[in-house]
file target-v2.cif (mmCIF, C-alpha atoms)
data_upload
loop_
_atom_site.label_atom_id
_atom_site.label_comp_id
_atom_site.auth_asym_id
_atom_site.auth_seq_id
_atom_site.Cartn_x
_atom_site.Cartn_y
_atom_site.Cartn_z
CA ARG A 1 -112.88 -36.33 -36.15
CA VAL A 2 -113.26 -40.05 -35.43
CA GLU A 3 -112.94 -42.08 -38.62
CA PRO A 4 -115.66 -44.69 -39.18
CA ASN A 5 -114.77 -48.37 -38.90
CA TYR A 6 -116.24 -50.06 -41.94
CA ASP A 7 -115.64 -53.51 -40.48
CA GLU A 8 -118.12 -52.87 -37.66
CA MET A 9 -121.23 -55.02 -37.67
CA PHE A 10 -124.58 -53.43 -36.88
CA ILE A 11 -127.88 -55.10 -36.04
CA LEU A 12 -130.57 -53.23 -37.93
CA ASP A 13 -133.68 -54.82 -36.43
CA ARG A 14 -135.76 -53.06 -33.77
CA ARG A 15 -134.51 -54.93 -30.72
CA PRO A 16 -134.31 -52.47 -27.80
CA ILE A 17 -131.03 -51.82 -26.00
CA VAL A 18 -132.70 -53.06 -22.81
CA SER A 19 -136.10 -54.73 -22.57
CA LEU A 20 -139.01 -52.97 -20.88
CA ARG A 21 -139.06 -55.60 -18.14
CA ALA A 22 -135.33 -55.23 -17.47
CA LEU A 23 -135.66 -51.45 -17.36
CA THR A 24 -138.41 -51.66 -14.75
CA ILE A 25 -136.31 -54.01 -12.59
CA ILE A 26 -133.29 -51.72 -12.91
CA TRP A 27 -135.25 -48.66 -11.76
CA ARG A 28 -136.52 -50.58 -8.73
CA ARG A 29 -132.90 -51.04 -7.60
CA PHE A 30 -132.83 -47.30 -6.99
CA ARG A 31 -134.13 -47.02 -3.45
CA ALA A 32 -133.75 -44.46 -0.69
CA ALA A 33 -136.29 -45.67 1.85
CA ARG A 34 -137.33 -43.35 4.66
CA ARG A 35 -140.34 -43.28 6.95
CA ASP A 36 -142.79 -40.65 5.84
CA GLY A 37 -146.49 -39.86 6.08
CA PRO A 38 -149.16 -41.01 8.55
CA LYS A 39 -148.29 -43.40 11.37
CA VAL A 40 -149.70 -46.71 10.17
CA GLU A 41 -147.09 -49.38 10.98
CA LEU A 42 -146.53 -51.08 14.33
CA ASP A 43 -143.19 -50.41 16.00
CA LEU A 44 -142.94 -53.70 17.86
CA ASP A 45 -139.78 -52.88 19.87
CA ALA A 46 -141.14 -49.52 21.02
CA THR A 47 -144.48 -51.10 21.89
CA ILE A 48 -142.84 -53.82 24.01
CA ASP A 49 -140.61 -51.22 25.68
CA GLN A 50 -143.65 -49.09 26.56
CA GLU A 51 -145.47 -52.08 28.05
CA CYS A 52 -142.43 -53.01 30.14
CA ARG A 53 -142.09 -49.47 31.47
CA LEU A 54 -145.79 -48.97 32.27
CA GLY A 55 -146.71 -52.52 33.20
CA PHE A 56 -149.58 -52.48 30.74
CA LEU A 57 -150.16 -51.65 27.07
CA GLU A 58 -151.88 -48.31 26.83
CA SER A 59 -151.78 -48.29 23.00
CA PRO A 60 -149.48 -49.72 20.35
CA VAL A 61 -146.70 -47.45 19.09
CA LEU A 62 -147.17 -46.65 15.43
CA VAL A 63 -144.66 -45.16 12.97
CA PRO A 64 -144.90 -43.97 9.35
CA ALA A 65 -144.40 -46.58 6.63
CA ARG A 66 -141.11 -46.71 4.77
CA ARG A 67 -141.41 -45.12 1.34
CA ASN A 68 -138.95 -44.83 -1.49
CA GLN A 69 -137.81 -41.21 -1.46
CA ALA A 70 -135.30 -41.52 -4.31
CA LYS A 71 -135.48 -38.54 -6.66
CA LEU A 72 -134.41 -38.53 -10.30
CA VAL A 73 -134.21 -35.86 -12.96
CA LEU A 74 -133.90 -37.46 -16.39
CA LEU A 75 -132.60 -35.35 -19.30
CA MET A 76 -132.91 -36.83 -22.78
CA ASP A 77 -131.26 -35.49 -25.90
CA VAL A 78 -133.69 -35.50 -28.85
CA SER A 79 -131.33 -34.06 -31.46
CA ASN A 80 -131.03 -35.76 -34.86
CA SER A 81 -128.01 -37.80 -33.79
CA MET A 82 -130.19 -39.53 -31.17
CA LEU A 83 -132.89 -40.49 -33.70
CA PRO A 84 -131.84 -44.19 -33.83
CA TRP A 85 -132.63 -44.44 -30.11
CA ARG A 86 -135.89 -42.49 -30.11
CA ASP A 87 -138.05 -45.59 -29.58
CA PHE A 88 -135.85 -46.66 -26.70
CA GLN A 89 -136.18 -43.23 -25.11
CA ARG A 90 -139.96 -43.62 -25.21
CA MET A 91 -139.57 -47.04 -23.59
CA VAL A 92 -137.50 -45.46 -20.81
CA VAL A 93 -140.32 -43.00 -20.14
CA GLU A 94 -142.84 -45.87 -20.08
CA SER A 95 -140.69 -47.97 -17.74
CA LEU A 96 -140.38 -45.14 -15.22
CA GLN A 97 -144.14 -45.25 -14.68
CA GLY A 98 -143.64 -48.49 -12.76
CA SER A 99 -140.38 -47.53 -11.10
CA HIS A 100 -141.81 -46.74 -7.63
CA LEU A 101 -139.33 -43.88 -7.29
CA GLY A 102 -140.18 -41.09 -4.91
CA GLN A 103 -140.08 -38.46 -7.67
CA VAL A 104 -139.21 -38.55 -11.36
CA ILE A 105 -139.01 -35.46 -13.57
CA ILE A 106 -138.30 -35.86 -17.29
CA TYR A 107 -137.00 -33.08 -19.52
CA PHE A 108 -135.75 -32.97 -23.09
CA PHE A 109 -133.04 -30.93 -24.79
CA HIS A 110 -131.28 -30.49 -28.13
CA ASN A 111 -127.54 -31.33 -28.25
CA VAL A 112 -126.55 -29.37 -25.12
CA PRO A 113 -128.88 -27.92 -22.47
CA THR A 114 -128.17 -24.21 -22.09
CA GLU A 115 -130.89 -21.97 -20.66
CA VAL A 116 -134.01 -24.15 -20.97
CA PHE A 117 -135.28 -27.69 -20.80
CA TYR A 118 -138.45 -28.88 -22.53
CA GLU A 119 -141.29 -30.91 -21.06
CA ARG A 120 -142.05 -32.65 -24.37
CA ASP A 121 -139.83 -34.46 -26.85
CA THR A 122 -141.12 -32.10 -29.54
CA LEU A 123 -139.08 -29.40 -27.77
CA THR A 124 -142.20 -27.56 -26.66
CA ARG A 125 -143.27 -26.26 -23.23
CA PRO A 126 -139.89 -24.80 -22.23
CA VAL A 127 -138.82 -24.60 -18.59
CA ALA A 128 -135.99 -22.31 -17.55
CA ILE A 129 -133.14 -24.24 -15.97
CA GLU A 130 -133.02 -21.89 -12.97
CA LYS A 131 -136.73 -22.49 -12.34
CA ALA A 132 -136.23 -26.27 -12.48
CA LEU A 133 -133.31 -26.07 -10.06
CA LYS A 134 -135.38 -24.11 -7.55
CA GLU A 135 -138.40 -26.41 -7.80
CA ILE A 136 -136.49 -29.72 -7.77
CA GLN A 137 -133.77 -29.75 -5.16
CA ASN A 138 -131.49 -32.48 -3.84
CA SER A 139 -132.14 -34.82 -6.74
CA THR A 140 -129.93 -37.16 -8.73
CA LEU A 141 -129.44 -36.55 -12.46
CA LEU A 142 -129.34 -39.00 -15.37
CA ILE A 143 -128.52 -37.74 -18.89
CA LEU A 144 -129.15 -39.73 -22.10
CA SER A 145 -127.11 -38.29 -24.97
CA ASP A 146 -124.39 -39.32 -27.43
CA ALA A 147 -122.46 -36.12 -26.53
CA GLY A 148 -121.27 -35.85 -30.13
CA ALA A 149 -119.98 -39.42 -30.44
CA VAL A 150 -122.32 -40.36 -33.31
CA ARG A 151 -120.78 -37.93 -35.79
CA GLY A 152 -117.35 -38.24 -34.21
CA TYR A 153 -116.47 -34.55 -34.28
CA HIS A 154 -114.61 -32.75 -31.53
CA ARG A 155 -116.31 -29.41 -31.00
CA ARG A 156 -114.70 -27.31 -28.30
CA GLU A 157 -117.81 -25.16 -27.95
CA ARG A 158 -119.94 -28.23 -27.17
CA VAL A 159 -117.47 -29.42 -24.56
CA GLU A 160 -117.34 -26.02 -22.86
CA GLU A 161 -121.14 -25.64 -22.88
CA SER A 162 -121.52 -29.12 -21.39
CA LYS A 163 -118.95 -28.32 -18.71
CA ASP A 164 -120.71 -25.06 -17.83
CA PHE A 165 -124.08 -26.82 -17.65
CA LEU A 166 -122.84 -29.64 -15.41
CA ALA A 167 -121.13 -27.18 -13.08
CA ARG A 168 -124.32 -25.16 -12.96
CA VAL A 169 -126.64 -27.99 -11.89
CA TRP A 170 -124.17 -30.00 -9.81
CA ARG A 171 -124.90 -28.15 -6.56
CA GLN A 172 -128.58 -29.19 -6.64
CA TRP A 173 -128.49 -32.42 -8.66
CA GLN A 174 -125.90 -35.06 -7.88
CA PRO A 175 -124.60 -37.65 -8.43
CA ILE A 176 -124.74 -37.11 -12.20
CA VAL A 177 -124.51 -40.02 -14.63
CA TRP A 178 -124.27 -39.52 -18.40
CA MET A 179 -125.48 -42.52 -20.42
CA ASN A 180 -124.04 -42.64 -23.94
CA PRO A 181 -125.59 -45.05 -26.48
CA MET A 182 -122.30 -45.20 -28.38
CA PRO A 183 -119.66 -47.61 -27.02
CA ALA A 184 -116.71 -46.11 -25.15
CA ASP A 185 -114.21 -46.83 -27.94
CA ARG A 186 -116.16 -44.38 -30.12
CA TRP A 187 -115.81 -41.48 -27.64
CA LYS A 188 -112.07 -40.97 -28.12
CA GLY A 189 -111.28 -38.03 -30.36
CA SER A 190 -114.84 -36.66 -30.24
CA SER A 191 -116.58 -34.20 -27.94
CA ALA A 192 -117.84 -37.19 -25.96
CA GLY A 193 -114.30 -38.16 -25.03
CA LYS A 194 -113.60 -34.77 -23.48
CA ILE A 195 -117.00 -34.62 -21.76
CA SER A 196 -116.40 -38.08 -20.26
CA GLU A 197 -113.30 -36.68 -18.54
CA LEU A 198 -115.20 -33.95 -16.70
CA THR A 199 -115.29 -34.43 -12.94
CA TYR A 200 -118.95 -33.53 -12.50
CA ALA A 201 -120.42 -36.62 -14.17
CA SER A 202 -119.69 -40.30 -14.77
CA MET A 203 -120.19 -41.31 -18.42
CA LEU A 204 -121.24 -44.91 -19.07
CA HIS A 205 -122.27 -46.91 -22.13
CA LEU A 206 -126.04 -47.15 -22.45
CA ASN A 207 -126.73 -50.85 -22.14
CA GLU A 208 -128.12 -53.09 -19.42
CA GLU A 209 -124.82 -53.43 -17.57
CA GLY A 210 -124.20 -49.69 -17.84
CA LEU A 211 -127.64 -48.87 -16.44
CA VAL A 212 -127.11 -51.18 -13.47
CA ARG A 213 -123.80 -49.45 -12.75
CA ALA A 214 -125.51 -46.08 -13.18
CA ILE A 215 -128.06 -46.90 -10.51
CA ASP A 216 -125.24 -47.87 -8.14
CA VAL A 217 -123.60 -44.49 -8.75
CA LEU A 218 -126.89 -42.65 -8.23
CA ARG A 219 -127.26 -44.51 -4.93
CA GLY A 220 -123.91 -43.12 -3.83
CA LYS A 221 -121.57 -45.99 -4.61
CA PRO A 222 -118.25 -45.07 -6.22
CA LEU A 223 -117.83 -45.98 -9.86
CA LYS A 224 -115.39 -48.86 -10.17
CA ALA A 225 -113.00 -48.90 -13.08
CA ASN A 226 -113.47 -51.63 -15.67
#
call {"tool": "encode", "arguments": {"input": "target-v2.cif", "output": "C-alpha coordinates"}}
result
Amino acid sequence: RVEPNYDEMFILDRRPIVSLRALTIIWRRFRAARRDGPKVELDLDATIDQECRLGFLESPVLVPARRNQAKLVLLMDVSNSMLPWRDFQRMVVESLQGSHLGQVIIYFFHNVPTEVFYERDTLTRPVAIEKALKEIQNSTLLILSDAGAVRGYHRRERVEESKDFLARVWRQWQPIVWMNPMPADRWKGSSAGKISELTYASMLHLNEEGLVRAIDVLRGKPLKAN
(Lines of atoms letter the chains of each structure in order from A and count residues from 1; the text may use other names and numbers.)
(Lines give C-alpha, C1' and ligand atoms only; values in the text may rest on other atoms or scores of the structure.)
Protein backbone atom coordinates (compact mmCIF):
# COMPACT_ATOMS: atom_id res chain seq x y z
CA ARG A 1 0.00 0.00 0.00
CA VAL A 2 1.22 3.52 -0.79
CA GLU A 3 1.52 5.59 2.38
CA PRO A 4 -0.08 9.04 2.25
CA ASN A 5 2.15 12.11 2.19
CA TYR A 6 0.77 14.49 4.78
CA ASP A 7 2.92 17.34 3.50
CA GLU A 8 1.10 17.38 0.16
CA MET A 9 -0.89 20.49 -0.60
CA PHE A 10 -4.32 20.16 -2.19
CA ILE A 11 -6.47 22.82 -3.82
CA LEU A 12 -10.02 22.24 -2.66
CA ASP A 13 -11.88 24.70 -4.87
CA ARG A 14 -13.80 23.56 -7.97
CA ARG A 15 -11.28 24.56 -10.62
CA PRO A 16 -11.34 21.94 -13.39
CA ILE A 17 -8.23 19.98 -14.33
CA VAL A 18 -8.54 21.44 -17.83
CA SER A 19 -10.92 24.19 -18.91
CA LEU A 20 -13.80 23.45 -21.26
CA ARG A 21 -12.24 25.66 -23.93
CA ALA A 22 -8.87 23.91 -23.66
CA LEU A 23 -10.54 20.51 -23.85
CA THR A 24 -12.34 21.46 -27.05
CA ILE A 25 -9.09 22.68 -28.62
CA ILE A 26 -7.29 19.49 -27.57
CA TRP A 27 -9.94 17.25 -29.17
CA ARG A 28 -9.67 19.21 -32.42
CA ARG A 29 -5.98 18.23 -32.62
CA PHE A 30 -7.17 14.67 -33.19
CA ARG A 31 -7.63 14.56 -36.94
CA ALA A 32 -7.61 11.79 -39.51
CA ALA A 33 -8.87 13.59 -42.61
CA ARG A 34 -10.02 11.56 -45.59
CA ARG A 35 -12.23 12.36 -48.55
CA ASP A 36 -15.67 10.91 -48.08
CA GLY A 37 -19.23 11.49 -49.22
CA PRO A 38 -20.65 13.29 -52.28
CA LYS A 39 -18.32 14.93 -54.80
CA VAL A 40 -18.63 18.62 -53.99
CA GLU A 41 -15.10 20.08 -54.13
CA LEU A 42 -13.20 21.15 -57.24
CA ASP A 43 -10.06 19.17 -58.03
CA LEU A 44 -8.19 21.96 -59.77
CA ASP A 45 -5.19 19.88 -60.94
CA ALA A 46 -7.40 17.14 -62.38
CA THR A 47 -9.62 19.73 -64.06
CA ILE A 48 -6.64 21.46 -65.71
CA ASP A 49 -5.22 18.09 -66.77
CA GLN A 50 -8.55 17.14 -68.37
CA GLU A 51 -8.73 20.43 -70.27
CA CYS A 52 -5.17 19.99 -71.54
CA ARG A 53 -5.88 16.46 -72.75
CA LEU A 54 -9.21 17.26 -74.43
CA GLY A 55 -8.51 20.80 -75.57
CA PHE A 56 -11.66 22.03 -73.89
CA LEU A 57 -13.33 21.81 -70.48
CA GLU A 58 -16.18 19.36 -70.67
CA SER A 59 -16.98 19.65 -66.94
CA PRO A 60 -14.98 20.39 -63.80
CA VAL A 61 -13.61 17.40 -61.89
CA LEU A 62 -15.17 17.17 -58.46
CA VAL A 63 -14.03 15.11 -55.45
CA PRO A 64 -15.53 14.43 -52.00
CA ALA A 65 -14.72 16.92 -49.25
CA ARG A 66 -12.14 16.03 -46.63
CA ARG A 67 -13.79 14.98 -43.38
CA ASN A 68 -12.34 14.09 -40.03
CA GLN A 69 -12.66 10.31 -39.77
CA ALA A 70 -10.93 9.95 -36.39
CA LYS A 71 -12.74 7.48 -34.16
CA LEU A 72 -12.61 7.42 -30.37
CA VAL A 73 -14.04 5.11 -27.74
CA LEU A 74 -13.95 6.80 -24.34
CA LEU A 75 -14.24 4.65 -21.20
CA MET A 76 -14.76 6.45 -17.90
CA ASP A 77 -14.50 4.90 -14.47
CA VAL A 78 -17.35 6.06 -12.22
CA SER A 79 -16.36 4.11 -9.10
CA ASN A 80 -16.24 5.90 -5.73
CA SER A 81 -12.52 6.61 -6.02
CA MET A 82 -13.23 8.75 -9.10
CA LEU A 83 -15.88 10.85 -7.32
CA PRO A 84 -13.59 13.92 -6.94
CA TRP A 85 -13.35 14.09 -10.74
CA ARG A 86 -17.01 13.46 -11.54
CA ASP A 87 -17.68 17.07 -12.59
CA PHE A 88 -14.64 16.99 -14.84
CA GLN A 89 -15.85 13.78 -16.45
CA ARG A 90 -19.13 15.52 -17.30
CA MET A 91 -17.13 18.40 -18.77
CA VAL A 92 -15.23 15.94 -20.95
CA VAL A 93 -18.52 14.61 -22.30
CA GLU A 94 -19.71 18.17 -22.98
CA SER A 95 -16.46 19.14 -24.72
CA LEU A 96 -16.65 16.16 -27.08
CA GLN A 97 -19.88 17.57 -28.53
CA GLY A 98 -17.78 20.22 -30.27
CA SER A 99 -14.82 17.99 -31.07
CA HIS A 100 -15.61 17.46 -34.79
CA LEU A 101 -14.36 13.88 -34.51
CA GLY A 102 -15.62 11.37 -37.02
CA GLN A 103 -17.14 9.15 -34.32
CA VAL A 104 -17.17 9.26 -30.52
CA ILE A 105 -18.65 6.53 -28.33
CA ILE A 106 -18.72 6.99 -24.55
CA TYR A 107 -19.09 4.15 -22.07
CA PHE A 108 -18.83 3.92 -18.30
CA PHE A 109 -17.54 1.21 -15.98
CA HIS A 110 -16.88 0.47 -12.31
CA ASN A 111 -13.23 -0.08 -11.27
CA VAL A 112 -12.36 -2.55 -14.06
CA PRO A 113 -14.39 -3.30 -17.20
CA THR A 114 -15.04 -7.03 -17.39
CA GLU A 115 -17.99 -8.26 -19.45
CA VAL A 116 -20.06 -5.09 -19.91
CA PHE A 117 -19.85 -1.35 -20.40
CA TYR A 118 -22.65 1.05 -19.51
CA GLU A 119 -24.11 3.82 -21.64
CA ARG A 120 -24.90 6.01 -18.62
CA ASP A 121 -22.80 7.12 -15.66
CA THR A 122 -25.46 5.66 -13.38
CA LEU A 123 -24.22 2.24 -14.58
CA THR A 124 -27.46 1.56 -16.43
CA ARG A 125 -28.12 0.42 -20.02
CA PRO A 126 -25.40 -2.25 -20.15
CA VAL A 127 -23.67 -3.15 -23.41
CA ALA A 128 -21.74 -6.40 -23.72
CA ILE A 129 -18.09 -5.78 -24.55
CA GLU A 130 -18.18 -8.28 -27.43
CA LYS A 131 -21.14 -6.44 -28.95
CA ALA A 132 -19.32 -3.10 -28.70
CA LEU A 133 -16.21 -4.57 -30.32
CA LYS A 134 -18.23 -5.87 -33.26
CA GLU A 135 -20.15 -2.62 -33.77
CA ILE A 136 -17.19 -0.25 -33.32
CA GLN A 137 -14.13 -1.44 -35.18
CA ASN A 138 -10.76 0.14 -35.90
CA SER A 139 -11.14 2.83 -33.25
CA THR A 140 -8.74 4.38 -30.78
CA LEU A 141 -9.38 3.98 -27.05
CA LEU A 142 -9.05 6.49 -24.20
CA ILE A 143 -9.59 5.35 -20.59
CA LEU A 144 -10.14 7.72 -17.64
CA SER A 145 -9.50 5.92 -14.35
CA ASP A 146 -7.23 6.12 -11.30
CA ALA A 147 -6.48 2.37 -11.68
CA GLY A 148 -6.34 2.02 -7.90
CA ALA A 149 -3.92 4.90 -7.29
CA VAL A 150 -6.33 6.88 -5.09
CA ARG A 151 -6.42 4.30 -2.29
CA GLY A 152 -2.86 3.21 -2.98
CA TYR A 153 -3.46 -0.53 -2.70
CA HIS A 154 -1.83 -3.12 -4.90
CA ARG A 155 -4.48 -5.66 -5.83
CA ARG A 156 -3.19 -8.44 -8.05
CA GLU A 157 -6.72 -9.35 -9.16
CA ARG A 158 -7.30 -5.80 -10.44
CA VAL A 159 -4.04 -5.83 -12.36
CA GLU A 160 -4.80 -9.19 -13.97
CA GLU A 161 -8.36 -8.17 -14.89
CA SER A 162 -7.07 -4.94 -16.42
CA LYS A 163 -4.45 -6.86 -18.39
CA ASP A 164 -7.04 -9.33 -19.67
CA PHE A 165 -9.37 -6.50 -20.68
CA LEU A 166 -6.69 -4.54 -22.55
CA ALA A 167 -5.53 -7.65 -24.38
CA ARG A 168 -9.13 -8.39 -25.29
CA VAL A 169 -9.92 -5.02 -26.90
CA TRP A 170 -6.48 -4.25 -28.31
CA ARG A 171 -7.08 -5.99 -31.63
CA GLN A 172 -10.01 -3.70 -32.46
CA TRP A 173 -9.19 -0.55 -30.49
CA GLN A 174 -5.70 0.90 -30.61
CA PRO A 175 -3.69 2.88 -29.75
CA ILE A 176 -4.88 2.78 -26.14
CA VAL A 177 -4.15 5.63 -23.72
CA TRP A 178 -4.99 5.43 -20.01
CA MET A 179 -5.43 8.83 -18.35
CA ASN A 180 -4.89 8.75 -14.59
CA PRO A 181 -5.97 11.79 -12.51
CA MET A 182 -3.38 10.91 -9.85
CA PRO A 183 0.20 12.07 -10.53
CA ALA A 184 2.72 9.44 -11.60
CA ASP A 185 4.59 9.46 -8.29
CA ARG A 186 1.43 8.10 -6.66
CA TRP A 187 1.24 5.05 -8.96
CA LYS A 188 4.30 3.28 -7.58
CA GLY A 189 3.40 0.46 -5.21
CA SER A 190 -0.28 0.46 -6.21
CA SER A 191 -2.24 -1.40 -8.86
CA ALA A 192 -1.81 1.65 -11.09
CA GLY A 193 1.96 1.18 -11.12
CA LYS A 194 1.67 -2.36 -12.45
CA ILE A 195 -1.04 -1.44 -14.96
CA SER A 196 1.12 1.42 -16.26
CA GLU A 197 3.79 -1.15 -17.16
CA LEU A 198 1.48 -3.18 -19.41
CA THR A 199 2.45 -3.04 -23.08
CA TYR A 200 -1.08 -2.60 -24.41
CA ALA A 201 -1.63 0.95 -23.15
CA SER A 202 0.26 4.16 -22.40
CA MET A 203 -0.66 5.62 -18.99
CA LEU A 204 -0.41 9.40 -18.61
CA HIS A 205 -1.29 11.91 -15.91
CA LEU A 206 -4.67 13.52 -16.53
CA ASN A 207 -3.83 17.17 -17.00
CA GLU A 208 -3.63 19.50 -19.98
CA GLU A 209 -0.11 18.46 -20.96
CA GLY A 210 -1.01 14.79 -20.54
CA LEU A 211 -4.08 15.14 -22.75
CA VAL A 212 -2.07 16.82 -25.50
CA ARG A 213 0.43 13.95 -25.37
CA ALA A 214 -2.46 11.48 -25.38
CA ILE A 215 -3.84 12.91 -28.60
CA ASP A 216 -0.40 12.58 -30.20
CA VAL A 217 -0.32 8.90 -29.20
CA LEU A 218 -3.84 8.33 -30.52
CA ARG A 219 -2.73 9.89 -33.81
CA GLY A 220 0.02 7.29 -34.04
CA LYS A 221 3.01 9.18 -32.71
CA PRO A 222 5.29 7.27 -30.32
CA LEU A 223 5.17 8.31 -26.70
CA LYS A 224 8.36 10.13 -25.80
CA ALA A 225 9.86 9.58 -22.38
CA ASN A 226 9.86 12.52 -20.00
call {"tool": "residues_around", "arguments": {"input": "target-v2.cif", "residues": "segment 145-147 of chain A", "least_positions_apart": "2", "cutoff": "6 Å", "atoms": "only C-alpha atoms", "output": "VMD selection string"}}
result
chain A and resid 77 149 180 to 181 192
call {"tool": "resolve_selection", "arguments": {"input": "target-v2.cif", "expression": "the PyMOL selection byres ((chain A and resi 139) around 6)", "output": "MDAnalysis selection string"}}
result
chainID A and resid 71:72 137:138 140 173
call {"tool": "resolve_selection", "arguments": {"input": "target-v2.cif", "expression": "the PyMOL selection byres ((chain A and resi 97-112) around 6)", "output": "PyMOL selection string"}}
result
chain A and resi 24+27-28+68-79+94-96+113+117-119+121
call {"tool": "write_last_selection", "arguments": {"input": "target-v2.cif", "atoms": "C-alpha atoms", "output": "mmCIF file, keeping the file's coordinate frame"}}
result
data_model
loop_
_atom_site.group_PDB
_atom_site.id
_atom_site.type_symbol
_atom_site.label_atom_id
_atom_site.label_comp_id
_atom_site.auth_asym_id
_atom_site.auth_seq_id
_atom_site.Cartn_x
_atom_site.Cartn_y
_atom_site.Cartn_z
ATOM 1 C CA THR A 24 -138.410 -51.660 -14.750
ATOM 2 C CA TRP A 27 -135.250 -48.660 -11.760
ATOM 3 C CA ARG A 28 -136.520 -50.580 -8.730
ATOM 4 C CA ASN A 68 -138.950 -44.830 -1.490
ATOM 5 C CA GLN A 69 -137.810 -41.210 -1.460
ATOM 6 C CA ALA A 70 -135.300 -41.520 -4.310
ATOM 7 C CA LYS A 71 -135.480 -38.540 -6.660
ATOM 8 C CA LEU A 72 -134.410 -38.530 -10.300
ATOM 9 C CA VAL A 73 -134.210 -35.860 -12.960
ATOM 10 C CA LEU A 74 -133.900 -37.460 -16.390
ATOM 11 C CA LEU A 75 -132.600 -35.350 -19.300
ATOM 12 C CA MET A 76 -132.910 -36.830 -22.780
ATOM 13 C CA ASP A 77 -131.260 -35.490 -25.900
ATOM 14 C CA VAL A 78 -133.690 -35.500 -28.850
ATOM 15 C CA SER A 79 -131.330 -34.060 -31.460
ATOM 16 C CA GLU A 94 -142.840 -45.870 -20.080
ATOM 17 C CA SER A 95 -140.690 -47.970 -17.740
ATOM 18 C CA LEU A 96 -140.380 -45.140 -15.220
ATOM 19 C CA PRO A 113 -128.880 -27.920 -22.470
ATOM 20 C CA PHE A 117 -135.280 -27.690 -20.800
ATOM 21 C CA TYR A 118 -138.450 -28.880 -22.530
ATOM 22 C CA GLU A 119 -141.290 -30.910 -21.060
ATOM 23 C CA ASP A 121 -139.830 -34.460 -26.850
#
call {"tool": "atom_distance", "arguments": {"input": "target-v2.cif", "atom1": "atom CA of Arg156 of chain A", "atom2": "atom CA of Lys188 of chain A"}}
result
13.9 Å
call {"tool": "atom_distance", "arguments": {"input": "target-v2.cif", "atom1": "atom CA of Tyr200 of chain A", "atom2": "atom CA of Arg213 of chain A"}}
result
16.6 Å
call {"tool": "closest_residue", "arguments": {"input": "target-v2.cif", "among": "A:Gly189, A:Pro60, A:Pro38, A:Gly210", "to": "Leu144 of chain A", "atoms": "only C-alpha atoms"}}
result
A:Gly210
call {"tool": "atom_distance", "arguments": {"input": "target-v2.cif", "atom1": "atom CA of Arg168 of chain A", "atom2": "atom CA of Ser196 of chain A"}}
result
16.8 Å
call {"tool": "residues_near_point", "arguments": {"input": "target-v2.cif", "point": "(-129.6, -55.6, -22.9)", "cutoff": "10 Å", "atoms": "only C-alpha atoms", "output": "PyMOL selection string"}}
result
chain A and resi 15-20+22-23+206-211
call {"tool": "closest_residue", "arguments": {"input": "target-v2.cif", "among": "A:Met179, A:Gly152, A:Pro126, A:Asp216", "to": "Gln89 of chain A", "atoms": "only C-alpha atoms"}}
result
A:Met179
call {"tool": "residues_around", "arguments": {"input": "target-v2.cif", "residues": "Ala184 of chain A", "least_positions_apart": "6", "cutoff": "9 Å", "atoms": "all atoms listed in the file", "output": "JSON, numbers by chain"}}
result
{"A": [193, 203, 204, 205]}
call {"tool": "closest_residue", "arguments": {"input": "target-v2.cif", "among": "A:Gln174, A:Thr47, A:Ser191, A:Thr122", "to": "Arg158 of chain A", "atoms": "all atoms listed in the file"}}
result
A:Ser191
call {"tool": "resolve_selection", "arguments": {"input": "target-v2.cif", "expression": "the PyMOL selection byres ((chain A and resi 219) around 8)", "output": "VMD selection string"}}
result
chain A and resid 30 to 32 215 to 218 220 to 221
call {"tool": "closest_residue", "arguments": {"input": "target-v2.cif", "among": "A:Ser59, A:Ala214, A:Val116, A:Pro84", "to": "Arg29 of chain A", "atoms": "only C-alpha atoms"}}
result
A:Ala214
call {"tool": "axis_aligned_box", "arguments": {"input": "target-v2.cif", "around": "segment 176-179 of chain A", "padding_each_side": "6 Å", "output": "AutoDock Vina command-line options"}}
result
--center_x -124.9 --center_y -39.8 --center_z -16.3 --size_x 13.2 --size_y 17.4 --size_z 20.2
